[in-house]
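The file data11.pdb comes next; it holds PDB, C-alpha atoms.
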```pdb
ATOM      1  CA  MET A   1     -14.702 -94.569 -48.024
ATOM      2  CA  PRO A   2     -15.237 -91.591 -50.399
ATOM      3  CA  GLN A   3     -18.780 -91.233 -51.665
ATOM      4  CA  GLU A   4     -19.800 -91.195 -55.312
ATOM      5  CA  LEU A   5     -20.501 -87.606 -56.289
ATOM      6  CA  ILE A   6     -23.186 -88.407 -58.869
ATOM      7  CA  HIS A   7     -25.775 -90.985 -57.795
ATOM      8  CA  ARG A   8     -26.487 -93.963 -60.007
ATOM      9  CA  ARG A   9     -30.105 -92.842 -60.474
ATOM     10  CA  THR A  10     -28.856 -89.555 -61.956
ATOM     11  CA  ARG A  11     -26.442 -91.328 -64.272
ATOM     12  CA  ASN A  12     -29.225 -93.653 -65.451
ATOM     13  CA  ALA A  13     -31.573 -90.719 -66.120
ATOM     14  CA  PHE A  14     -29.010 -88.986 -68.333
ATOM     15  CA  ARG A  15     -28.152 -92.280 -70.014
ATOM     16  CA  GLU A  16     -31.807 -92.737 -70.953
ATOM     17  CA  GLU A  17     -31.888 -89.205 -72.349
ATOM     18  CA  LEU A  18     -28.857 -90.032 -74.483
ATOM     19  CA  VAL A  19     -30.659 -93.081 -75.894
ATOM     20  CA  GLY A  20     -32.422 -90.620 -78.198
ATOM     21  CA  TRP A  21     -29.124 -89.390 -79.631
ATOM     22  CA  PRO A  22     -27.279 -90.818 -82.658
ATOM     23  CA  LEU A  23     -24.348 -93.060 -81.728
ATOM     24  CA  GLY A  24     -21.910 -90.664 -83.355
ATOM     25  CA  ALA A  25     -23.220 -87.722 -81.323
ATOM     26  CA  ILE A  26     -22.800 -89.702 -78.079
ATOM     27  CA  ARG A  27     -19.209 -90.484 -78.993
ATOM     28  CA  ASP A  28     -18.533 -86.881 -79.931
ATOM     29  CA  VAL A  29     -19.824 -85.405 -76.669
ATOM     30  CA  PHE A  30     -17.959 -87.838 -74.393
ATOM     31  CA  ASP A  31     -14.774 -87.812 -76.473
ATOM     32  CA  GLY A  32     -14.907 -84.019 -76.632
ATOM     33  CA  GLU A  33     -14.757 -83.825 -72.834
ATOM     34  CA  GLY A  34     -11.899 -86.317 -72.568
ATOM     35  CA  VAL A  35     -13.903 -89.228 -71.151
ATOM     36  CA  ALA A  36     -12.317 -92.553 -72.120
ATOM     37  CA  CYS A  37     -14.374 -95.453 -73.460
ATOM     38  CA  SER A  38     -14.004 -98.947 -72.032
ATOM     39  CA  SER A  39     -13.669-101.928 -74.366
ATOM     40  CA  GLU A  40     -15.548-104.204 -71.963
ATOM     41  CA  GLU A  41     -19.162-104.954 -72.795
ATOM     42  CA  PRO A  42     -21.649-103.946 -70.059
ATOM     43  CA  ASN A  43     -24.723-105.964 -69.204
ATOM     44  CA  VAL A  44     -27.302-103.585 -70.719
ATOM     45  CA  SER A  45     -29.545-103.767 -73.763
ATOM     46  CA  GLY A  46     -29.321-101.446 -76.735
ATOM     47  CA  ALA A  47     -26.347-100.039 -78.606
ATOM     48  CA  ARG A  48     -26.724 -96.526 -77.172
ATOM     49  CA  ARG A  49     -27.086 -97.644 -73.560
ATOM     50  CA  ASN A  50     -24.132 -99.945 -74.127
ATOM     51  CA  LEU A  51     -22.001 -97.082 -75.412
ATOM     52  CA  VAL A  52     -22.886 -94.714 -72.550
ATOM     53  CA  GLU A  53     -22.135 -97.414 -69.979
ATOM     54  CA  ARG A  54     -18.759 -98.050 -71.582
ATOM     55  CA  TYR A  55     -17.908 -94.383 -71.068
ATOM     56  CA  TYR A  56     -19.299 -94.482 -67.538
ATOM     57  CA  ALA A  57     -17.095 -97.489 -66.731
ATOM     58  CA  THR A  58     -13.932 -95.364 -67.002
ATOM     59  CA  VAL A  59     -15.152 -92.612 -64.680
ATOM     60  CA  ASP A  60     -13.996 -92.441 -61.067
ATOM     61  CA  TRP A  61     -17.247 -91.205 -59.533
ATOM     62  CA  THR A  62     -15.463 -90.194 -56.316
ATOM     63  CA  ASN A  63     -12.912 -87.999 -58.125
ATOM     64  CA  PRO A  64     -13.988 -84.362 -58.748
ATOM     65  CA  SER A  65     -11.815 -83.965 -61.861
ATOM     66  CA  SER A  66     -13.254 -87.088 -63.443
ATOM     67  CA  VAL A  67     -16.818 -86.182 -62.454
ATOM     68  CA  ASN A  68     -16.469 -82.652 -63.827
ATOM     69  CA  LYS A  69     -15.877 -84.093 -67.304
ATOM     70  CA  VAL A  70     -19.195 -85.926 -67.076
ATOM     71  CA  LEU A  71     -20.917 -82.754 -65.856
ATOM     72  CA  ARG A  72     -19.792 -81.003 -69.033
ATOM     73  CA  VAL A  73     -21.380 -83.862 -71.002
ATOM     74  CA  TYR A  74     -24.582 -83.403 -69.008
ATOM     75  CA  GLU A  75     -24.583 -79.695 -69.868
ATOM     76  CA  ALA A  76     -24.703 -80.679 -73.531
ATOM     77  CA  VAL A  77     -27.608 -83.008 -72.779
ATOM     78  CA  LEU A  78     -29.488 -80.221 -71.008
ATOM     79  CA  GLY A  79     -28.742 -77.783 -73.804
ATOM     80  CA  PRO A  80     -32.007 -78.303 -75.770
ATOM     81  CA  TYR A  81     -34.095 -77.543 -72.637
ATOM     82  CA  PRO A  82     -33.028 -74.117 -71.370
ATOM     83  CA  GLU A  83     -36.575 -73.147 -70.337
ATOM     84  CA  GLY A  84     -37.748 -76.324 -68.674
ATOM     85  CA  ASP A  85     -37.001 -79.795 -67.428
ATOM     86  CA  PRO A  86     -39.389 -82.160 -69.195
ATOM     87  CA  ASN A  87     -37.663 -85.345 -68.076
ATOM     88  CA  GLY A  88     -36.760 -84.340 -64.528
ATOM     89  CA  LEU A  89     -33.019 -84.179 -65.156
ATOM     90  CA  LEU A  90     -32.582 -80.996 -63.108
ATOM     91  CA  GLY A  91     -34.353 -82.704 -60.242
ATOM     92  CA  TYR A  92     -31.909 -85.596 -60.316
ATOM     93  CA  LEU A  93     -28.962 -83.179 -60.276
ATOM     94  CA  GLY A  94     -30.572 -81.209 -57.463
ATOM     95  CA  ARG A  95     -30.856 -84.300 -55.277
ATOM     96  CA  ASP A  96     -27.117 -84.779 -55.700
ATOM     97  CA  GLY A  97     -26.543 -81.181 -54.603
ATOM     98  CA  PHE A  98     -25.868 -79.621 -58.023
ATOM     99  CA  THR A  99     -27.430 -76.486 -59.468
ATOM    100  CA  VAL A 100     -27.713 -75.203 -63.033
ATOM    101  CA  ASP A 101     -27.247 -71.475 -63.660
ATOM    102  CA  ASP A 102     -29.037 -69.342 -66.252
ATOM    103  CA  LYS A 103     -26.270 -70.052 -68.764
ATOM    104  CA  GLY A 104     -26.734 -73.800 -68.509
ATOM    105  CA  ARG A 105     -23.592 -74.422 -66.477
ATOM    106  CA  ILE A 106     -23.822 -77.129 -63.827
ATOM    107  CA  ARG A 107     -22.357 -75.840 -60.592
ATOM    108  CA  ALA A 108     -20.488 -78.256 -58.375
ATOM    109  CA  SER A 109     -22.051 -79.398 -55.136
ATOM    110  CA  VAL A 110     -20.476 -78.740 -51.759
ATOM    111  CA  ALA A 111     -19.496 -82.416 -51.641
ATOM    112  CA  VAL A 112     -17.539 -82.074 -54.900
ATOM    113  CA  ASN A 113     -15.654 -79.021 -53.640
ATOM    114  CA  LEU A 114     -14.834 -80.706 -50.352
ATOM    115  CA  ALA A 115     -13.771 -83.888 -52.116
ATOM    116  CA  GLU A 116     -11.047 -81.881 -53.866
ATOM    117  CA  MET A 117      -9.140 -81.692 -50.580
ATOM    118  CA  PRO A 118      -6.091 -83.997 -50.765
ATOM    119  CA  VAL A 119      -7.328 -86.337 -48.033
ATOM    120  CA  HIS A 120      -5.487 -89.213 -49.703
ATOM    121  CA  LEU A 121      -2.374 -87.879 -47.952
ATOM    122  CA  LEU A 122      -3.718 -89.219 -44.654
ATOM    123  CA  SER A 123      -3.158 -92.789 -43.552
ATOM    124  CA  ASP A 124      -6.823 -93.081 -42.561
ATOM    125  CA  ALA A 125      -9.211 -90.469 -43.945
ATOM    126  CA  SER A 126     -12.438 -92.276 -43.036
ATOM    127  CA  ALA A 127     -13.420 -89.645 -40.460
ATOM    128  CA  ILE A 128     -12.903 -86.880 -43.021
ATOM    129  CA  TYR A 129     -15.134 -88.659 -45.534
ATOM    130  CA  GLU A 130     -17.865 -88.919 -42.911
ATOM    131  CA  HIS A 131     -17.756 -85.180 -42.274
ATOM    132  CA  ILE A 132     -17.736 -84.394 -46.001
ATOM    133  CA  ASP A 133     -20.760 -86.617 -46.517
ATOM    134  CA  ARG A 134     -22.608 -84.973 -43.621
ATOM    135  CA  ILE A 135     -21.842 -81.451 -44.793
ATOM    136  CA  GLY A 136     -22.771 -82.191 -48.403
ATOM    137  CA  LYS A 137     -26.220 -83.415 -47.391
ATOM    138  CA  CYS A 138     -27.251 -80.429 -45.272
ATOM    139  CA  THR A 139     -25.518 -77.259 -46.474
ATOM    140  CA  ASP A 140     -28.535 -75.980 -48.401
ATOM    141  CA  THR A 141     -31.217 -77.517 -46.192
ATOM    142  CA  ASP A 142     -29.884 -77.141 -42.634
ATOM    143  CA  PRO A 143     -27.235 -74.386 -42.389
ATOM    144  CA  GLY A 144     -26.787 -74.909 -38.644
ATOM    145  CA  GLN A 145     -25.869 -78.547 -39.117
ATOM    146  CA  ALA A 146     -23.507 -77.648 -41.963
ATOM    147  CA  ILE A 147     -21.711 -75.076 -39.792
ATOM    148  CA  SER A 148     -21.373 -77.683 -37.056
ATOM    149  CA  GLY A 149     -19.962 -80.093 -39.627
ATOM    150  CA  ALA A 150     -17.466 -77.480 -40.842
ATOM    151  CA  LYS A 151     -16.147 -77.058 -37.312
ATOM    152  CA  SER A 152     -15.912 -80.838 -36.891
ATOM    153  CA  LEU A 153     -14.035 -81.097 -40.191
ATOM    154  CA  ILE A 154     -11.414 -78.629 -38.961
ATOM    155  CA  GLU A 155     -11.080 -80.389 -35.622
ATOM    156  CA  ALA A 156     -10.715 -83.825 -37.220
ATOM    157  CA  THR A 157      -8.187 -82.599 -39.790
ATOM    158  CA  THR A 158      -5.967 -80.932 -37.190
ATOM    159  CA  LYS A 159      -5.893 -84.122 -35.114
ATOM    160  CA  LEU A 160      -5.213 -86.390 -38.098
ATOM    161  CA  VAL A 161      -2.378 -84.158 -39.338
ATOM    162  CA  LEU A 162      -0.836 -84.186 -35.851
ATOM    163  CA  ASN A 163      -1.116 -87.986 -35.891
ATOM    164  CA  GLU A 164       0.700 -88.080 -39.231
ATOM    165  CA  LEU A 165       3.469 -85.932 -37.767
ATOM    166  CA  GLY A 166       3.756 -88.149 -34.704
ATOM    167  CA  HIS A 167       2.637 -85.424 -32.288
ATOM    168  CA  SER A 168       0.443 -86.146 -29.286
ATOM    169  CA  TYR A 169      -2.394 -83.811 -28.319
ATOM    170  CA  ASP A 170      -5.005 -83.414 -25.619
ATOM    171  CA  GLU A 171      -8.216 -85.113 -26.756
ATOM    172  CA  ARG A 172     -10.159 -82.482 -24.820
ATOM    173  CA  ALA A 173      -8.350 -79.566 -26.485
ATOM    174  CA  ASP A 174     -10.570 -76.992 -28.157
ATOM    175  CA  VAL A 175     -10.170 -75.820 -31.740
ATOM    176  CA  PRO A 176      -7.987 -72.745 -30.977
ATOM    177  CA  ALA A 177      -5.497 -74.947 -29.085
ATOM    178  CA  LEU A 178      -5.457 -77.583 -31.834
ATOM    179  CA  VAL A 179      -5.068 -74.932 -34.531
ATOM    180  CA  LYS A 180      -2.049 -73.394 -32.795
ATOM    181  CA  GLN A 181      -0.448 -76.791 -32.176
ATOM    182  CA  VAL A 182      -0.846 -78.054 -35.738
ATOM    183  CA  GLN A 183       0.321 -74.812 -37.312
ATOM    184  CA  VAL A 184       3.404 -74.719 -35.097
ATOM    185  CA  ALA A 185       4.106 -78.345 -36.026
ATOM    186  CA  LEU A 186       3.771 -77.510 -39.733
ATOM    187  CA  LYS A 187       5.704 -74.226 -39.338
ATOM    188  CA  LEU A 188       2.572 -72.369 -40.395
ATOM    189  CA  HIS A 189       2.236 -70.288 -37.237
ATOM    190  CA  PRO A 190       3.438 -66.657 -37.119
ATOM    191  CA  ASP A 191       5.648 -67.500 -34.119
ATOM    192  CA  THR A 192       7.633 -69.988 -36.246
ATOM    193  CA  LEU A 193       8.536 -67.434 -38.911
ATOM    194  CA  ALA A 194      12.263 -66.819 -39.299
ATOM    195  CA  PRO A 195      13.188 -63.101 -38.989
ATOM    196  CA  THR A 196      15.013 -63.228 -42.331
ATOM    197  CA  VAL A 197      11.988 -64.384 -44.343
ATOM    198  CA  LYS A 198      11.211 -61.967 -47.174
ATOM    199  CA  GLY A 199       7.948 -60.081 -46.627
ATOM    200  CA  GLN A 200       7.913 -61.178 -42.996
ATOM    201  CA  GLU A 201       5.123 -58.862 -41.860
ATOM    202  CA  THR A 202       2.867 -59.759 -44.772
ATOM    203  CA  VAL A 203       3.410 -63.477 -44.236
ATOM    204  CA  LYS A 204       2.717 -63.052 -40.512
ATOM    205  CA  ARG A 205      -0.602 -61.383 -41.269
ATOM    206  CA  LEU A 206      -1.553 -64.152 -43.672
ATOM    207  CA  LEU A 207      -0.671 -66.868 -41.189
ATOM    208  CA  GLY A 208      -2.579 -65.059 -38.467
ATOM    209  CA  SER A 209      -5.587 -64.854 -40.781
ATOM    210  CA  LEU A 210      -5.263 -68.566 -41.498
ATOM    211  CA  SER A 211      -5.600 -69.304 -37.788
ATOM    212  CA  GLY A 212      -8.457 -66.845 -37.544
ATOM    213  CA  ILE A 213     -10.412 -68.666 -40.253
ATOM    214  CA  ALA A 214     -10.434 -71.910 -38.302
ATOM    215  CA  VAL A 215     -11.149 -70.310 -34.945
ATOM    216  CA  GLY A 216     -13.899 -68.184 -36.487
ATOM    217  CA  VAL A 217     -15.708 -71.238 -37.865
ATOM    218  CA  ALA A 218     -15.556 -72.846 -34.423
ATOM    219  CA  GLU A 219     -16.947 -69.697 -32.807
ATOM    220  CA  LEU A 220     -19.745 -69.530 -35.380
ATOM    221  CA  ARG A 221     -20.674 -73.094 -34.565
ATOM    222  CA  ASN A 222     -20.684 -72.288 -30.845
ATOM    223  CA  GLU A 223     -23.099 -69.438 -31.496
ATOM    224  CA  TYR A 224     -25.413 -71.098 -34.002
ATOM    225  CA  GLY A 225     -24.747 -74.829 -34.100
ATOM    226  CA  PRO A 226     -27.874 -76.908 -33.334
ATOM    227  CA  ASP A 227     -25.931 -79.266 -31.077
ATOM    228  CA  HIS A 228     -24.502 -76.631 -28.762
ATOM    229  CA  GLY A 229     -27.369 -75.875 -26.425
ATOM    230  CA  ARG A 230     -28.868 -73.063 -28.468
ATOM    231  CA  THR A 231     -31.994 -71.681 -26.787
ATOM    232  CA  SER A 232     -33.363 -69.358 -29.477
ATOM    233  CA  ALA A 233     -34.040 -69.549 -33.202
ATOM    234  CA  VAL A 234     -31.552 -67.939 -35.593
ATOM    235  CA  SER A 235     -31.910 -66.697 -39.154
ATOM    236  CA  LEU A 236     -29.178 -68.698 -40.797
ATOM    237  CA  ARG A 237     -29.306 -69.049 -44.554
ATOM    238  CA  PRO A 238     -27.426 -71.345 -46.955
ATOM    239  CA  ARG A 239     -25.031 -68.495 -47.731
ATOM    240  CA  HIS A 240     -23.835 -68.563 -44.125
ATOM    241  CA  ALA A 241     -23.269 -72.298 -44.353
ATOM    242  CA  HIS A 242     -21.403 -71.908 -47.645
ATOM    243  CA  LEU A 243     -19.148 -69.312 -46.014
ATOM    244  CA  ALA A 244     -18.320 -71.589 -43.079
ATOM    245  CA  VAL A 245     -17.842 -74.680 -45.247
ATOM    246  CA  GLY A 246     -15.695 -72.762 -47.741
ATOM    247  CA  CYS A 247     -13.491 -71.448 -44.933
ATOM    248  CA  ALA A 248     -13.134 -74.922 -43.435
ATOM    249  CA  SER A 249     -12.263 -76.404 -46.815
ATOM    250  CA  THR A 250      -9.610 -73.745 -47.482
ATOM    251  CA  TYR A 251      -8.073 -74.190 -44.052
ATOM    252  CA  CYS A 252      -7.995 -78.000 -44.132
ATOM    253  CA  ARG A 253      -6.617 -78.050 -47.643
ATOM    254  CA  MET A 254      -3.749 -75.783 -46.578
ATOM    255  CA  LEU A 255      -2.893 -78.118 -43.702
ATOM    256  CA  LEU A 256      -2.921 -81.195 -45.915
ATOM    257  CA  GLU A 257      -0.908 -79.631 -48.730
ATOM    258  CA  THR A 258       1.655 -78.303 -46.239
ATOM    259  CA  LEU A 259       1.877 -81.760 -44.675
ATOM    260  CA  ASP A 260       2.682 -83.148 -48.110
ATOM    261  CA  ALA A 261       5.292 -80.438 -48.730
ATOM    262  CA  ARG A 262       6.995 -81.108 -45.395
ATOM    263  CA  ARG A 263       7.184 -84.819 -46.161
ATOM    264  CA  ASN A 264       8.774 -84.220 -49.556
ATOM    265  CA  ARG A 265      11.358 -81.682 -48.486
ATOM    266  CA  PRO A 266      14.551 -82.260 -46.498
ATOM    267  CA  ALA A 267      14.189 -81.102 -42.913
ATOM    268  CA  ALA A 268      17.062 -78.663 -43.262
ATOM    269  CA  ALA A 269      15.457 -76.960 -46.248
ATOM    270  CA  SER A 270      12.193 -76.384 -44.423
ATOM    271  CA  ALA A 271      13.635 -75.319 -41.062
ATOM    272  CA  GLY A 272      12.517 -71.821 -40.168
ATOM    273  CA  ASN A 273      10.293 -71.441 -43.247
ATOM    274  CA  ALA A 274       6.639 -70.530 -42.895
ATOM    275  CA  THR A 275       5.383 -71.674 -46.289
TER     276      THR A 275
END
```
Any chance you could give the structure as structure tokens?
Amino acid sequence: MPQELIHRRTRNAFREELVGWPLGAIRDVFDGEGVACSSEEPNVSGARRNLVERYYATVDWTNPSSVNKVLRVYEAVLGPYPEGDPNGLLGYLGRDGFTVDDKGRIRASVAVNLAEMPVHLLSDASAIYEHIDRIGKCTDTDPGQAISGAKSLIEATTKLVLNELGHSYDERADVPALVKQVQVALKLHPDTLAPTVKGQETVKRLLGSLSGIAVGVAELRNEYGPDHGRTSAVSLRPRHAHLAVGCASTYCRMLLETLDARRNRPAAASAGNAT
């Protein structure tokens, strides 16, 4: 199951901060960000807590678009405290993987960015959610583990897409073999490009780079992943993990969106196309 992107403890902390606001100001900030208000009465005391919880009740905490609206509300709450964090609100956000820049903007966590992948297109995305959860917890604290998770995310996505297409594959196949098989199946491999496609050489280079992204993440994991028999320490930093995770996310998203496009287009229209 998809995880909630903002923990309940964080939501409660911001709710308590909003208790000090006038009711009208609470309405204005939530309404201004397009957050709907439920008519059902929550089991909390106080008019302000009640109002915040009614807004919270309409939020899908697993959906990045819905959560981003709440993050904009939280930016308004943080607004009066640009130089400090007297009530520990930044700490709560930090535990959920969010950061706040010097302009007061809350930056999305790795988990939020990964959750934007259209995994709902898969019949069973439970394995993907497990990898997303693992990556989100360690990207900034254990880059090696995050890189390993990025490779596993690619491997799992290729296999699940092949399952959706009804293609068999070798369970022992490595990432390069799986990448080639799934891209051929989706007509995303340079070898499947029709010679009459406009901009053929450019598209071939792009498709080759797409394969290279996935294979490169796997190779990075083989070099630096903590679960691959590494015998010496390495100087990995969060930026390296963000690179690997970003590449994996881009690659997997392309597979899933192409899977959706192939399902919604007549076979004849897609035959020979590479995009």
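Between atom CA of Ala25 of chain A and atom CA of Asn43 of chain A lies a distance of 22.0 Å.
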Exercise for review: Determine the residue membership of the PyMOL selection byres ((chain A and resi 160-162) around 10) for the file above and supply it as a PyMOL selection string.
Suggested key: chain A and resi 121-125+127-128+154-159+163-169+178+181-183+185-186+252+255-256+258-259
Review point. Smallest atom-to-atom distance to Arg15 of chain A: which of A:Asp191, A:Asp142, A:Glu53, A:Glu75, using only C-alpha atoms?
Key: A:Glu53
Practice item. Name every residue that the PyMOL selection byres ((chain A and resi 215) around 12) selects in this structure, writing the answer as a ChimeraX atom specification with chains first and numbers rising. Key: /A:150-152,154-155,174-180,208-214,216-222,244,247-248,251
**Study point:** Pairwise distance for atom CA of Glu40 of chain A and atom CA of Asp28 of chain A, rounded to one decimal in Å
**Key:**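 Computing the Euclidean distance for atom CA of Glu40 of chain A and atom CA of Asp28 of chain A yields 19.3 Å.
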Review point. Around (-37.9, -86.7, -64.1) in the file's own coordinates, what residues are found within 12 Å if you use only C-alpha atoms, given back as a PyMOL selection string?
Key: chain A and resi 9-10+12-14+16-17+84-95
**Study point:** Two-atom distance - atom CA of Arg262 of chain A, atom CA of Ser126 of chain A (Å)
**Key:**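 If I compute the distance from atom CA of Arg262 of chain A to atom CA of Ser126 of chain A, I get 22.5 Å.
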Revision key, fill the gap. Among A:Phe98, A:Tyr74, A:Trp21, A:Tyr56, Ser38 of chain A is approached most closely, using only C-alpha atoms, by A:Tyr56
Practice item. Have a look at A:Val67, A:Ala241, A:Val19, A:Met254 and name the one nearest to Lys137 of chain A; count only C-alpha atoms. Key: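 Looking at the shortest contact to Lys137 of chain A, the residue is A:Ala241.
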Check your understanding: Quick one: of A:Val73, A:Ile6, A:Ile132, A:Ala47, who's nearest to Ala108 of chain A, counting all atoms listed in the file?
Key -> A:Ile6
Exercise for review: For each of A:Phe30, A:Gly97, A:Ala57, A:Asn50, take the minimum atom-to-atom distance to Val77 of chain A, counting only C-alpha atoms, then give the residue where this is smallest.
Suggested key: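 Using only C-alpha atoms, the shortest distance to Val77 of chain A belongs to A:Phe30.
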How about completing segment 36-49 of chain A with N, CA, C and O atoms and giving it to me as a PDB file, in the frame of the given file?
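Result file is selection16.pdb:
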```pdb
ATOM      1  N   ALA A  36     -12.761 -91.356 -71.401  1.00  0.00           N
ATOM      2  CA  ALA A  36     -12.317 -92.553 -72.120  1.00  0.00           C
ATOM      3  C   ALA A  36     -13.476 -93.549 -72.251  1.00  0.00           C
ATOM      4  O   ALA A  36     -14.444 -93.512 -71.493  1.00  0.00           O
ATOM      5  N   CYS A  37     -13.341 -94.443 -73.207  1.00  0.00           N
ATOM      6  CA  CYS A  37     -14.374 -95.453 -73.460  1.00  0.00           C
ATOM      7  C   CYS A  37     -13.795 -96.841 -73.209  1.00  0.00           C
ATOM      8  O   CYS A  37     -12.760 -97.207 -73.768  1.00  0.00           O
ATOM      9  N   SER A  38     -14.459 -97.604 -72.346  1.00  0.00           N
ATOM     10  CA  SER A  38     -14.004 -98.947 -72.032  1.00  0.00           C
ATOM     11  C   SER A  38     -14.287 -99.902 -73.191  1.00  0.00           C
ATOM     12  O   SER A  38     -15.255 -99.736 -73.940  1.00  0.00           O
ATOM     13  N   SER A  39     -13.457-100.911 -73.333  1.00  0.00           N
ATOM     14  CA  SER A  39     -13.669-101.928 -74.366  1.00  0.00           C
ATOM     15  C   SER A  39     -14.520-103.089 -73.855  1.00  0.00           C
ATOM     16  O   SER A  39     -14.962-103.924 -74.637  1.00  0.00           O
ATOM     17  N   GLU A  40     -14.764-103.120 -72.540  1.00  0.00           N
ATOM     18  CA  GLU A  40     -15.548-104.204 -71.963  1.00  0.00           C
ATOM     19  C   GLU A  40     -17.037-103.973 -72.198  1.00  0.00           C
ATOM     20  O   GLU A  40     -17.538-102.858 -72.072  1.00  0.00           O
ATOM     21  N   GLU A  41     -17.743-105.045 -72.506  1.00  0.00           N
ATOM     22  CA  GLU A  41     -19.162-104.954 -72.795  1.00  0.00           C
ATOM     23  C   GLU A  41     -19.981-104.975 -71.505  1.00  0.00           C
ATOM     24  O   GLU A  41     -19.881-105.925 -70.722  1.00  0.00           O
ATOM     25  N   PRO A  42     -20.813-103.958 -71.259  1.00  0.00           N
ATOM     26  CA  PRO A  42     -21.649-103.946 -70.059  1.00  0.00           C
ATOM     27  C   PRO A  42     -22.890-104.811 -70.245  1.00  0.00           C
ATOM     28  O   PRO A  42     -23.251-105.162 -71.383  1.00  0.00           O
ATOM     29  N   ASN A  43     -23.534-105.122 -69.161  1.00  0.00           N
ATOM     30  CA  ASN A  43     -24.723-105.964 -69.204  1.00  0.00           C
ATOM     31  C   ASN A  43     -25.980-105.100 -69.320  1.00  0.00           C
ATOM     32  O   ASN A  43     -26.807-105.021 -68.399  1.00  0.00           O
ATOM     33  N   VAL A  44     -26.121-104.408 -70.446  1.00  0.00           N
ATOM     34  CA  VAL A  44     -27.302-103.585 -70.719  1.00  0.00           C
ATOM     35  C   VAL A  44     -27.748-103.827 -72.158  1.00  0.00           C
ATOM     36  O   VAL A  44     -26.952-104.235 -73.005  1.00  0.00           O
ATOM     37  N   SER A  45     -29.008-103.568 -72.417  1.00  0.00           N
ATOM     38  CA  SER A  45     -29.545-103.767 -73.763  1.00  0.00           C
ATOM     39  C   SER A  45     -29.489-102.477 -74.562  1.00  0.00           C
ATOM     40  O   SER A  45     -29.593-101.385 -73.999  1.00  0.00           O
ATOM     41  N   GLY A  46     -29.309-102.608 -75.869  1.00  0.00           N
ATOM     42  CA  GLY A  46     -29.321-101.446 -76.735  1.00  0.00           C
ATOM     43  C   GLY A  46     -27.945-100.881 -76.977  1.00  0.00           C
ATOM     44  O   GLY A  46     -27.142-100.748 -76.056  1.00  0.00           O
ATOM     45  N   ALA A  47     -27.673-100.524 -78.231  1.00  0.00           N
ATOM     46  CA  ALA A  47     -26.347-100.039 -78.606  1.00  0.00           C
ATOM     47  C   ALA A  47     -26.006 -98.717 -77.918  1.00  0.00           C
ATOM     48  O   ALA A  47     -24.864 -98.497 -77.500  1.00  0.00           O
ATOM     49  N   ARG A  48     -27.004 -97.832 -77.768  1.00  0.00           N
ATOM     50  CA  ARG A  48     -26.724 -96.526 -77.172  1.00  0.00           C
ATOM     51  C   ARG A  48     -26.491 -96.636 -75.663  1.00  0.00           C
ATOM     52  O   ARG A  48     -25.593 -96.005 -75.125  1.00  0.00           O
ATOM     53  N   ARG A  49     -27.327 -97.417 -74.990  1.00  0.00           N
ATOM     54  CA  ARG A  49     -27.086 -97.644 -73.560  1.00  0.00           C
ATOM     55  C   ARG A  49     -25.719 -98.295 -73.352  1.00  0.00           C
ATOM     56  O   ARG A  49     -24.985 -97.960 -72.421  1.00  0.00           O
TER      57      ARG A  49
END
```
